[in-house]
file start_34.csv (CSV, C-alpha atoms)
chain,number,residue,atom,x,y,z
X,11,MET,CA,19.1,-6.3,3.1
X,12,GLY,CA,18.6,-3.0,4.9
X,13,SER,CA,19.8,-0.5,2.2
X,14,ARG,CA,17.7,2.6,1.7
X,15,LEU,CA,15.5,2.8,-1.4
X,16,ASP,CA,16.4,5.6,-3.8
X,17,ASP,CA,14.2,8.6,-4.1
X,18,ARG,CA,12.7,7.4,-7.4
X,19,ALA,CA,11.4,4.2,-5.8
X,20,LEU,CA,10.1,6.2,-2.8
X,21,ASP,CA,8.3,8.6,-5.1
X,22,GLN,CA,6.7,5.7,-6.9
X,23,LEU,CA,5.6,3.9,-3.7
X,24,PHE,CA,4.6,7.0,-1.7
X,25,ARG,CA,5.3,10.6,-2.5
X,26,GLU,CA,4.0,10.7,-6.1
X,27,ALA,CA,1.7,7.7,-5.9
X,28,ARG,CA,-2.0,8.6,-6.2
X,29,THR,CA,-5.4,6.9,-5.7
X,30,PHE,CA,-6.9,6.4,-9.2
X,31,SER,CA,-10.5,6.4,-10.1
X,32,GLY,CA,-10.0,6.2,-13.8
X,33,PHE,CA,-7.8,3.8,-15.7
X,34,LYS,CA,-6.5,3.5,-19.3
X,35,PRO,CA,-7.9,0.6,-21.3
X,36,ASP,CA,-4.6,-1.2,-21.2
X,37,PRO,CA,-5.0,-4.8,-19.9
X,38,VAL,CA,-3.3,-6.2,-16.8
X,39,SER,CA,-1.8,-9.6,-17.6
X,40,ASP,CA,-2.3,-12.8,-15.5
X,41,ASP,CA,1.5,-12.8,-15.1
X,42,THR,CA,1.4,-9.4,-13.5
X,43,LEU,CA,-1.3,-10.5,-11.1
X,44,HIS,CA,0.8,-13.6,-10.1
X,45,GLN,CA,3.8,-11.3,-9.6
X,46,LEU,CA,1.7,-9.0,-7.5
X,47,TYR,CA,0.6,-11.9,-5.2
X,48,ASP,CA,4.2,-13.2,-5.1
X,49,LEU,CA,5.3,-9.9,-3.5
X,50,VAL,CA,2.3,-9.6,-1.1
X,51,LYS,CA,2.8,-13.0,0.4
X,52,TRP,CA,6.1,-12.0,2.0
X,53,GLY,CA,4.6,-9.3,4.2
X,54,PRO,CA,4.6,-10.2,7.9
X,55,THR,CA,1.4,-11.2,9.7
X,56,ALA,CA,0.7,-12.5,13.2
X,57,PHE,CA,1.7,-16.2,13.4
X,58,ASN,CA,2.4,-15.9,9.6
X,59,SER,CA,-1.4,-16.3,9.4
X,60,GLN,CA,-1.9,-14.8,5.9
X,61,PRO,CA,-5.7,-14.6,6.3
X,62,SER,CA,-6.3,-12.6,3.1
X,63,ARG,CA,-7.9,-14.2,0.0
X,64,TYR,CA,-8.0,-12.5,-3.4
X,65,LEU,CA,-10.6,-12.6,-6.0
X,66,PHE,CA,-9.5,-10.9,-9.2
X,67,LEU,CA,-12.4,-9.8,-11.4
X,68,ARG,CA,-11.6,-9.2,-15.0
X,69,SER,CA,-14.7,-10.0,-17.0
X,70,ALA,CA,-17.8,-7.9,-17.2
X,71,GLU,CA,-19.8,-10.9,-16.0
X,72,SER,CA,-17.7,-11.4,-13.0
X,73,ARG,CA,-18.2,-7.8,-12.0
X,74,ALA,CA,-21.9,-7.5,-12.8
X,75,LYS,CA,-22.9,-9.1,-9.5
X,76,LEU,CA,-20.7,-6.6,-7.7
X,77,ALA,CA,-22.7,-3.5,-9.0
X,78,PRO,CA,-25.6,-3.7,-6.5
X,79,ALA,CA,-23.2,-3.7,-3.6
X,80,LEU,CA,-21.3,-0.5,-4.7
X,81,SER,CA,-22.1,3.0,-3.7
X,82,SER,CA,-23.2,5.2,-6.6
X,83,SER,CA,-19.9,7.1,-6.5
X,84,ASN,CA,-17.9,3.8,-6.8
X,85,ARG,CA,-20.0,1.9,-9.3
X,86,ASP,CA,-18.9,3.2,-12.7
X,87,LYS,CA,-15.2,3.4,-11.9
X,88,THR,CA,-15.3,-0.2,-10.6
X,89,LEU,CA,-17.2,-1.6,-13.5
X,90,ASN,CA,-14.8,0.1,-15.9
X,91,ALA,CA,-11.4,-0.7,-14.3
X,92,PRO,CA,-9.3,-3.4,-16.0
X,93,ILE,CA,-9.2,-5.5,-12.8
X,94,THR,CA,-11.2,-5.3,-9.6
X,95,VAL,CA,-9.9,-7.2,-6.7
X,96,ILE,CA,-12.0,-8.3,-3.7
X,97,LEU,CA,-9.7,-8.6,-0.8
X,98,ALA,CA,-11.4,-11.0,1.7
X,99,TYR,CA,-10.2,-12.9,4.7
X,100,ASP,CA,-10.6,-16.5,5.7
X,101,THR,CA,-12.7,-16.8,8.8
X,102,LYS,CA,-11.0,-20.1,9.5
X,103,PHE,CA,-7.5,-19.0,8.7
X,104,TYR,CA,-6.2,-20.8,11.8
X,105,GLU,CA,-6.8,-24.2,10.2
X,106,HIS,CA,-3.7,-23.5,8.1
X,107,LEU,CA,-1.5,-22.5,11.0
X,108,PRO,CA,0.2,-25.9,11.5
X,109,LYS,CA,1.9,-25.4,8.1
X,110,LEU,CA,2.4,-21.6,8.4
X,111,THR,CA,3.9,-21.1,11.9
X,112,ALA,CA,6.4,-22.6,14.2
X,113,SER,CA,4.0,-22.3,17.1
X,114,PRO,CA,2.6,-25.7,17.9
X,115,THR,CA,-0.3,-24.2,19.9
X,116,ALA,CA,-1.4,-21.5,17.4
X,117,GLN,CA,-4.4,-23.3,15.9
X,118,ALA,CA,-5.6,-24.4,19.4
X,119,LEU,CA,-5.3,-20.8,20.6
X,120,PHE,CA,-7.8,-19.6,18.0
X,121,GLU,CA,-10.1,-22.6,18.3
X,122,SER,CA,-10.4,-22.2,22.0
X,123,ASN,CA,-10.7,-18.4,21.9
X,124,PRO,CA,-13.1,-17.5,19.0
X,125,ALA,CA,-13.2,-13.9,20.1
X,126,LEU,CA,-9.6,-13.6,18.8
X,127,VAL,CA,-10.5,-14.6,15.3
X,128,ASP,CA,-12.2,-11.5,14.0
X,129,PRO,CA,-9.7,-9.0,15.4
X,130,THR,CA,-6.8,-11.1,14.0
X,131,ASN,CA,-8.5,-11.2,10.6
X,132,LEU,CA,-9.2,-7.4,10.6
X,133,ARG,CA,-5.7,-6.4,11.6
X,134,ASN,CA,-3.7,-8.9,9.5
X,135,GLY,CA,-6.1,-8.7,6.5
X,136,SER,CA,-5.7,-5.0,6.6
X,137,LEU,CA,-1.9,-5.3,6.9
X,138,GLN,CA,-2.0,-7.5,3.8
X,139,ALA,CA,-4.1,-4.9,2.0
X,140,GLY,CA,-1.4,-2.3,2.7
X,141,TYR,CA,1.2,-4.7,1.3
X,142,PHE,CA,-1.1,-5.2,-1.7
X,143,VAL,CA,-1.2,-1.4,-2.5
X,144,LEU,CA,2.6,-1.1,-2.2
X,145,ALA,CA,3.2,-4.3,-4.3
X,146,ALA,CA,0.9,-3.0,-7.0
X,147,ARG,CA,2.7,0.3,-7.1
X,148,SER,CA,6.1,-1.4,-7.2
X,149,LEU,CA,5.1,-3.3,-10.3
X,150,GLY,CA,4.0,0.0,-12.1
X,151,LEU,CA,0.3,-0.6,-11.5
X,152,ASP,CA,-2.0,2.1,-10.2
X,153,ILE,CA,-4.7,1.3,-7.6
X,154,GLY,CA,-7.8,2.7,-6.1
X,155,VAL,CA,-9.0,1.2,-2.9
X,156,ILE,CA,-12.7,1.3,-2.2
X,157,THR,CA,-14.5,1.0,1.1
X,158,GLY,CA,-17.9,2.3,0.0
X,159,PHE,CA,-19.8,-0.9,-0.5
X,160,LYS,CA,-22.4,-3.2,1.2
X,161,ALA,CA,-20.3,-6.0,2.6
X,162,ASP,CA,-23.3,-8.3,3.1
X,163,LEU,CA,-24.1,-8.1,-0.6
X,164,VAL,CA,-20.5,-8.8,-1.7
X,165,ASN,CA,-20.4,-11.8,0.6
X,166,GLN,CA,-23.7,-13.1,-0.6
X,167,ALA,CA,-22.7,-12.7,-4.3
X,168,TYR,CA,-19.1,-14.1,-4.1
X,169,PHE,CA,-18.7,-16.1,-0.8
X,170,PRO,CA,-22.1,-17.6,-0.2
X,171,ASP,CA,-20.8,-20.4,2.1
X,172,GLY,CA,-19.6,-17.7,4.5
X,173,ARG,CA,-16.1,-18.9,5.0
X,174,TYR,CA,-14.6,-15.8,3.3
X,175,GLN,CA,-15.7,-12.3,4.2
X,176,VAL,CA,-14.9,-9.1,2.2
X,177,ASN,CA,-12.4,-6.7,3.8
X,178,LEU,CA,-12.2,-4.2,1.0
X,179,ILE,CA,-12.2,-3.8,-2.8
X,180,ALA,CA,-9.5,-2.3,-5.0
X,181,ASN,CA,-9.4,-1.3,-8.7
X,182,LEU,CA,-6.2,-2.0,-10.6
X,183,GLY,CA,-4.7,-0.9,-13.8
X,184,TYR,CA,-2.7,1.8,-15.4
X,185,GLY,CA,-4.1,5.1,-14.2
X,186,ASP,CA,-5.6,7.8,-16.4
X,187,GLU,CA,-4.0,11.0,-14.9
X,188,SER,CA,-6.8,13.2,-16.4
X,189,THR,CA,-9.1,11.7,-13.8
X,190,LEU,CA,-7.0,12.8,-10.8
X,191,ARG,CA,-8.2,15.4,-8.4
X,192,PRO,CA,-5.8,17.8,-6.7
X,193,ARG,CA,-3.8,16.1,-4.0
X,194,ALA,CA,-5.4,16.3,-0.6
X,195,HIS,CA,-3.7,17.6,2.6
X,196,ARG,CA,-1.4,15.3,4.6
X,197,PHE,CA,-0.7,16.0,8.3
X,198,ALA,CA,2.8,17.1,9.3
X,199,PHE,CA,4.8,15.0,11.7
X,200,ASP,CA,4.1,17.3,14.7
X,201,GLU,CA,0.4,17.3,14.1
X,202,VAL,CA,0.1,13.5,14.6
X,203,ALA,CA,3.2,12.1,16.1
X,204,GLN,CA,5.4,12.4,19.2
X,205,ILE,CA,8.8,11.0,20.0
X,206,LEU,CA,9.0,10.1,23.7
call {"tool": "encode", "arguments": {"input": "start_34.csv", "output": "structure tokens"}}
result
Amino acid sequence: MGSRLDDRALDQLFREARTFSGFKPDPVSDDTLHQLYDLVKWGPTAFNSQPSRYLFLRSAESRAKLAPALSSSNRDKTLNAPITVILAYDTKFYEHLPKLTASPTAQALFESNPALVDPTNLRNGSLQAGYFVLAARSLGLDIGVITGFKADLVNQAYFPDGRYQVNLIANLGYGDESTLRPRAHRFAFDEVAQIL
């Protein structure tokens, strides 16, 4: 462990990777989705909490109830993607901590401090979303993450019991490069970072 990835891998994960709005009609197999999760699960989270939950929508029927929750700019591209993933988090993730972490007091920590639950979910669920993007790219998939949606409508449609809550939505597939816009500006190191 600890060897540097070659430039080709770094290009695929970062430098040449793009956010796709349009996808080719090529299907994404169930096996690929399993491989994707099997990579994501290894990313570190606080207490190894792994709060994210994944709902992979393939069929038109499974996505139809998502349409009312999407902004107009996100609707068509989401309904036409080969796979749409709802990345949610488990509001009671701490119930699983006895089997996930070596800390014998972790579950009690969250049960006795409910104010810690939401920030832990947001931070660690978002970490897992980042791992999800990189895992998808590492498998040759393209991805477009969406935050323009009405969370309450997504939760009502897919998680009516309230235990899971949507964090974000992502479209997956094999990108259609003709739909790409010119690459947007990225800050230089000195614009956003300091070494103290």
call {"tool": "atom_distance", "arguments": {"input": "start_34.csv", "atom1": "CA of Val176 (chain X)", "atom2": "CA of Leu97 (chain X)"}}
result
6.0 Å
call {"tool": "closest_atom_pairs", "arguments": {"input": "start_34.csv", "of": "region 40-132 of chain X", "to": "region 141-152 of chain X", "cutoff": "7 Å", "atoms": "all atoms listed in the file", "output": "JSON lines"}}
result
{"residue": "X:Leu46", "atom": "CA", "partner": "X:Ala145", "partner_atom": "CA", "distance": 5.9}
{"residue": "X:Leu49", "atom": "CA", "partner": "X:Ala145", "partner_atom": "CA", "distance": 6.0}
{"residue": "X:Val50", "atom": "CA", "partner": "X:Tyr141", "partner_atom": "CA", "distance": 5.6}
{"residue": "X:Gly53", "atom": "CA", "partner": "X:Tyr141", "partner_atom": "CA", "distance": 6.4}
call {"tool": "atom_distance", "arguments": {"input": "start_34.csv", "atom1": "CA of Gly185 (chain X)", "atom2": "CA of Ile153 (chain X)"}}
result
7.6 Å
call {"tool": "closest_residue", "arguments": {"input": "start_34.csv", "among": "X:Ser31, X:Asn165, X:Ser72, X:Ser136", "to": "Thr189 (chain X)", "atoms": "all atoms listed in the file"}}
result
X:Ser31
call {"tool": "closest_residue", "arguments": {"input": "start_34.csv", "among": "X:Leu23, X:Ala79, X:Val155, X:Leu182", "to": "Thr42 (chain X)", "atoms": "all atoms listed in the file"}}
result
X:Leu182
call {"tool": "residues_around", "arguments": {"input": "start_34.csv", "residues": "Gly32 (chain X)", "least_positions_apart": "4", "cutoff": "10 Å", "atoms": "all atoms listed in the file", "output": "PyMOL selection string"}}
result
chain X and resi 86-88+90-92+152-154+181-190
call {"tool": "atom_distance", "arguments": {"input": "start_34.csv", "atom1": "CA of Asp40 (chain X)", "atom2": "CA of Ala56 (chain X)"}}
result
28.9 Å
call {"tool": "closest_residue", "arguments": {"input": "start_34.csv", "among": "X:Ser13, X:Thr29, X:Ser39, X:Thr94", "to": "Ala77 (chain X)", "atoms": "all atoms listed in the file"}}
result
X:Thr94
call {"tool": "residues_around", "arguments": {"input": "start_34.csv", "residues": "region 110-122 of chain X", "least_positions_apart": "4", "cutoff": "7 Å", "atoms": "all atoms listed in the file", "output": "ChimeraX atom specification"}}
result
/X:57-59,104-106,126-127
call {"tool": "closest_residue", "arguments": {"input": "start_34.csv", "among": "X:Pro37, X:Pro61, X:Gly12, X:Pro78", "to": "Val164 (chain X)", "atoms": "only C-alpha atoms"}}
result
X:Pro78
call {"tool": "closest_residue", "arguments": {"input": "start_34.csv", "among": "X:Phe197, X:Gly172, X:Pro192, X:Ala180", "to": "Leu65 (chain X)", "atoms": "only C-alpha atoms"}}
result
X:Ala180
call {"tool": "closest_residue", "arguments": {"input": "start_34.csv", "among": "X:Phe199, X:Phe103, X:Tyr47, X:Phe66", "to": "Ile179 (chain X)", "atoms": "all atoms listed in the file"}}
result
X:Phe66
call {"tool": "residues_around", "arguments": {"input": "start_34.csv", "residues": "Tyr99 (chain X)", "least_positions_apart": "2", "cutoff": "10 Å", "atoms": "all atoms listed in the file", "output": "JSON, numbers by chain"}}
result
{"X": [60, 61, 62, 63, 64, 96, 97, 101, 102, 103, 128, 131, 132, 134, 135, 136, 138, 173, 174, 175, 176, 177, 178]}
call {"tool": "write_last_selection", "arguments": {"input": "start_34.csv", "atoms": "C-alpha atoms", "output": "PDB file, keeping the file's coordinate frame"}}
result
ATOM      1  CA  GLN X  60      -1.900 -14.800   5.900  1.00  0.00           C
ATOM      2  CA  PRO X  61      -5.700 -14.600   6.300  1.00  0.00           C
ATOM      3  CA  SER X  62      -6.300 -12.600   3.100  1.00  0.00           C
ATOM      4  CA  ARG X  63      -7.900 -14.200   0.000  1.00  0.00           C
ATOM      5  CA  TYR X  64      -8.000 -12.500  -3.400  1.00  0.00           C
ATOM      6  CA  ILE X  96     -12.000  -8.300  -3.700  1.00  0.00           C
ATOM      7  CA  LEU X  97      -9.700  -8.600  -0.800  1.00  0.00           C
ATOM      8  CA  THR X 101     -12.700 -16.800   8.800  1.00  0.00           C
ATOM      9  CA  LYS X 102     -11.000 -20.100   9.500  1.00  0.00           C
ATOM     10  CA  PHE X 103      -7.500 -19.000   8.700  1.00  0.00           C
ATOM     11  CA  ASP X 128     -12.200 -11.500  14.000  1.00  0.00           C
ATOM     12  CA  ASN X 131      -8.500 -11.200  10.600  1.00  0.00           C
ATOM     13  CA  LEU X 132      -9.200  -7.400  10.600  1.00  0.00           C
ATOM     14  CA  ASN X 134      -3.700  -8.900   9.500  1.00  0.00           C
ATOM     15  CA  GLY X 135      -6.100  -8.700   6.500  1.00  0.00           C
ATOM     16  CA  SER X 136      -5.700  -5.000   6.600  1.00  0.00           C
ATOM     17  CA  GLN X 138      -2.000  -7.500   3.800  1.00  0.00           C
ATOM     18  CA  ARG X 173     -16.100 -18.900   5.000  1.00  0.00           C
ATOM     19  CA  TYR X 174     -14.600 -15.800   3.300  1.00  0.00           C
ATOM     20  CA  GLN X 175     -15.700 -12.300   4.200  1.00  0.00           C
ATOM     21  CA  VAL X 176     -14.900  -9.100   2.200  1.00  0.00           C
ATOM     22  CA  ASN X 177     -12.400  -6.700   3.800  1.00  0.00           C
ATOM     23  CA  LEU X 178     -12.200  -4.200   1.000  1.00  0.00           C
TER      24      LEU X 178
END
call {"tool": "residues_around", "arguments": {"input": "start_34.csv", "residues": "Ser69 (chain X)", "least_positions_apart": "4", "cutoff": "9 Å", "atoms": "all atoms listed in the file", "output": "list in words"}}
result
Arg73, Ala74, Pro92 and Ile93 of chain X
call {"tool": "write_last_selection", "arguments": {"input": "start_34.csv", "atoms": "C-alpha atoms", "output": "PDB file, in the frame of the given file"}}
result
ATOM      1  CA  ARG X  73     -18.200  -7.800 -12.000  1.00  0.00           C
ATOM      2  CA  ALA X  74     -21.900  -7.500 -12.800  1.00  0.00           C
ATOM      3  CA  PRO X  92      -9.300  -3.400 -16.000  1.00  0.00           C
ATOM      4  CA  ILE X  93      -9.200  -5.500 -12.800  1.00  0.00           C
TER       5      ILE X  93
END
